[in-house]
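Contents: one structure, followed by commentary.
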Amino acid sequence: NLVLLKMRCNLTGKYLDIKTITEVPVVEHFNYSIDKILQLKTELINKEGWIVHFDDDTLLKVKTDWWINEKNKKLCS
């Protein structure tokens, strides 16, 4: 399924608040610390990971260890 992750204003380049959009599926938002994300990435299964959006609009993709191991299994088969 396609899920809306972010939406940006074409004029300003600023990210828009998508929490109120109901017309399409929108990504679930969490407010985790980096320490919590690093802990969860080692514990969760059946989850690919997260896109972390910092206050300065920097984005970081974090994959769970489970996802990395599953992808490596498929590549090495």
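FYI, nothing fancy with the structure tokens labels: chains A, B, ... in order, residues from 1 per chain, ligands from 1 as they appear.
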
Neighbours of Asn69 of chain A within 12 Å (only C-alpha atoms; same-chain residues fewer than 2 positions away dropped), as a tab-separated table (two decimals) with all heavy atoms, in the first residue's frame?
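Here's the written file selection_9.tsv:
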chain	number	residue	atom	x	y	z
A	41	LYS	N	15.37	-0.73	17.38
A	41	LYS	CA	15.87	-1.32	16.13
A	41	LYS	C	16.48	-2.70	16.35
A	41	LYS	O	16.53	-3.51	15.45
A	41	LYS	CB	16.84	-0.39	15.42
A	41	LYS	CG	18.24	-0.37	15.94
A	41	LYS	CD	19.11	0.55	15.11
A	41	LYS	CE	20.21	-0.03	14.32
A	41	LYS	NZ	20.47	-1.38	14.09
A	42	THR	N	16.91	-2.99	17.58
A	42	THR	CA	17.47	-4.30	17.88
A	42	THR	C	16.41	-5.29	18.37
A	42	THR	O	16.64	-6.49	18.37
A	42	THR	CB	18.57	-4.20	18.97
A	42	THR	OG1	17.99	-3.78	20.20
A	42	THR	CG2	19.66	-3.25	18.55
A	45	ILE	N	10.59	-7.10	15.41
A	45	ILE	CA	10.57	-7.98	14.24
A	45	ILE	C	9.35	-7.60	13.39
A	45	ILE	O	8.41	-6.99	13.87
A	45	ILE	CB	10.56	-9.47	14.62
A	45	ILE	CG1	9.35	-9.80	15.48
A	45	ILE	CG2	11.84	-9.85	15.35
A	45	ILE	CD1	9.16	-11.28	15.70
A	46	ASN	N	9.40	-7.99	12.14
A	46	ASN	CA	8.33	-7.70	11.18
A	46	ASN	C	8.09	-6.20	10.99
A	46	ASN	O	6.99	-5.79	10.67
A	46	ASN	CB	7.02	-8.40	11.58
A	46	ASN	CG	7.16	-9.90	11.54
A	46	ASN	OD1	7.81	-10.45	10.67
A	46	ASN	ND2	6.58	-10.57	12.51
A	47	LYS	N	9.11	-5.41	11.21
A	47	LYS	CA	9.07	-3.96	10.95
A	47	LYS	C	10.31	-3.59	10.16
A	47	LYS	O	11.42	-4.02	10.51
A	47	LYS	CB	9.05	-3.15	12.24
A	47	LYS	CG	7.84	-3.33	13.10
A	47	LYS	CD	6.66	-2.60	12.50
A	47	LYS	CE	5.44	-2.76	13.40
A	47	LYS	NZ	4.24	-2.26	12.79
A	48	GLU	N	10.13	-2.78	9.12
A	48	GLU	CA	11.28	-2.38	8.31
A	48	GLU	C	12.12	-1.33	9.02
A	48	GLU	O	13.34	-1.42	9.04
A	48	GLU	CB	10.81	-1.82	6.97
A	48	GLU	CG	11.96	-1.44	6.07
A	48	GLU	CD	11.50	-0.99	4.69
A	48	GLU	OE1	10.34	-1.22	4.32
A	48	GLU	OE2	12.33	-0.41	3.98
A	63	LYS	N	16.89	1.31	9.78
A	63	LYS	CA	16.33	-0.02	9.53
A	63	LYS	C	16.50	-0.89	10.77
A	63	LYS	O	17.51	-0.80	11.46
A	63	LYS	CB	17.06	-0.70	8.36
A	63	LYS	CG	16.99	0.05	7.06
A	63	LYS	CD	15.63	-0.07	6.44
A	63	LYS	CE	15.64	0.53	5.03
A	63	LYS	NZ	14.38	0.36	4.38
A	64	THR	N	15.51	-1.75	11.04
A	64	THR	CA	15.65	-2.67	12.16
A	64	THR	C	16.66	-3.76	11.83
A	64	THR	O	16.88	-4.08	10.65
A	64	THR	CB	14.30	-3.34	12.52
A	64	THR	OG1	13.85	-4.11	11.41
A	64	THR	CG2	13.26	-2.32	12.93
A	65	ASP	N	17.27	-4.31	12.87
A	65	ASP	CA	18.21	-5.42	12.67
A	65	ASP	C	17.51	-6.60	12.00
A	65	ASP	O	18.09	-7.28	11.15
A	65	ASP	CB	18.80	-5.85	14.02
A	65	ASP	CG	19.71	-4.80	14.62
A	65	ASP	OD1	19.99	-3.78	13.96
A	65	ASP	OD2	20.14	-5.00	15.78
A	66	TRP	N	16.25	-6.83	12.39
A	66	TRP	CA	15.48	-7.93	11.78
A	66	TRP	C	15.41	-7.73	10.27
A	66	TRP	O	15.63	-8.67	9.50
A	66	TRP	CB	14.07	-7.97	12.38
A	66	TRP	CG	13.18	-8.92	11.65
A	66	TRP	CD1	13.07	-10.26	11.85
A	66	TRP	CD2	12.30	-8.60	10.56
A	66	TRP	NE1	12.17	-10.80	10.95
A	66	TRP	CE2	11.68	-9.79	10.16
A	66	TRP	CE3	11.97	-7.43	9.90
A	66	TRP	CZ2	10.76	-9.84	9.12
A	66	TRP	CZ3	11.05	-7.48	8.87
A	66	TRP	CH2	10.46	-8.69	8.49
A	67	TRP	N	15.08	-6.52	9.81
A	67	TRP	CA	14.94	-6.24	8.39
A	67	TRP	C	16.25	-6.46	7.65
A	67	TRP	O	16.29	-7.07	6.58
A	67	TRP	CB	14.44	-4.81	8.18
A	67	TRP	CG	14.29	-4.43	6.74
A	67	TRP	CD1	15.17	-3.74	5.97
A	67	TRP	CD2	13.20	-4.76	5.88
A	67	TRP	NE1	14.70	-3.59	4.69
A	67	TRP	CE2	13.48	-4.21	4.61
A	67	TRP	CE3	12.00	-5.44	6.06
A	67	TRP	CZ2	12.60	-4.33	3.54
A	67	TRP	CZ3	11.15	-5.55	4.99
A	67	TRP	CH2	11.45	-5.01	3.75
A	71	LYS	N	16.86	-9.21	4.67
A	71	LYS	CA	17.32	-8.83	3.33
A	71	LYS	C	18.61	-9.57	2.99
A	71	LYS	O	18.81	-10.01	1.85
A	71	LYS	CB	17.56	-7.32	3.25
A	71	LYS	CG	16.30	-6.50	3.34
A	71	LYS	CD	15.32	-6.86	2.27
A	71	LYS	CE	15.39	-5.93	1.11
A	71	LYS	NZ	14.40	-6.19	0.07
A	72	ASN	N	19.52	-9.71	3.96
A	72	ASN	CA	20.78	-10.42	3.72
A	72	ASN	C	20.53	-11.89	3.44
A	72	ASN	O	21.24	-12.49	2.62
A	72	ASN	CB	21.74	-10.25	4.90
A	72	ASN	CG	22.36	-8.86	4.91
A	72	ASN	OD1	22.46	-8.22	3.87
A	72	ASN	ND2	22.77	-8.41	6.07
A	73	LYS	N	19.56	-12.51	4.10
A	73	LYS	CA	19.22	-13.91	3.84
A	73	LYS	C	18.82	-14.10	2.38
A	73	LYS	O	19.23	-15.04	1.73
A	73	LYS	CB	18.08	-14.37	4.73
A	73	LYS	CG	18.44	-14.67	6.14
A	73	LYS	CD	17.18	-15.14	6.89
A	73	LYS	CE	17.37	-15.09	8.37
A	73	LYS	NZ	16.12	-15.41	9.08
A	74	LYS	N	18.00	-13.18	1.87
A	74	LYS	CA	17.51	-13.27	0.50
A	74	LYS	C	18.64	-13.05	-0.50
A	74	LYS	O	18.70	-13.68	-1.54
A	74	LYS	CB	16.38	-12.28	0.27
A	74	LYS	CG	15.12	-12.64	1.02
A	74	LYS	CD	14.04	-11.62	0.85
A	74	LYS	CE	12.85	-12.02	1.72
A	74	LYS	NZ	11.84	-10.99	1.77
A	75	LEU	N	19.55	-12.13	-0.18
A	75	LEU	CA	20.67	-11.86	-1.08
A	75	LEU	C	21.66	-13.02	-1.13
A	75	LEU	O	22.28	-13.25	-2.16
A	75	LEU	CB	21.40	-10.59	-0.62
A	75	LEU	CG	20.65	-9.28	-0.81
A	75	LEU	CD1	21.45	-8.11	-0.19
A	75	LEU	CD2	20.41	-9.00	-2.29
A	76	CYS	N	21.80	-13.73	-0.03
A	76	CYS	CA	22.79	-14.81	0.05
A	76	CYS	C	22.22	-16.16	-0.33
A	76	CYS	O	22.93	-17.16	-0.32
A	76	CYS	CB	23.38	-14.87	1.45
A	76	CYS	SG	24.30	-13.37	1.88

Item to complete: Run DSSP on the backbone and grab whatever in chain A lands in strand (DSSP E or B); send it over as an NGL selection string.
Response: :A and (4 or 8 or 15 or 26 or 49-53 or 59-63)

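Between atom CA of Ile18 of chain A and atom CA of Lys6 of chain A the separation is 7.1 Å.
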
Worksheet item: Looking only at the backbone, which of the residues in chain A does DSSP tag as alpha helix (DSSP H), as number ranges by chain?
Response: A: 34-43, 65-76

Fill in: Selection near segment 21-31 of chain A, 12 Å with only C-alpha atoms, sequence-local residues under 4 positions removed, as number ranges by chain
A: 1-7, 16-17, 35-37, 50-55

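Note that atom CA of Asp57 of chain A and atom CA of Tyr15 of chain A are 8.1 Å apart.
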
Item to complete: Have a look at atom CA of Lys14 of chain A and atom CA of Leu60 of chain A and let me know their distance in Å, one decimal.
Response: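 Going from atom CA of Lys14 of chain A over to atom CA of Leu60 of chain A covers 17.0 Å.
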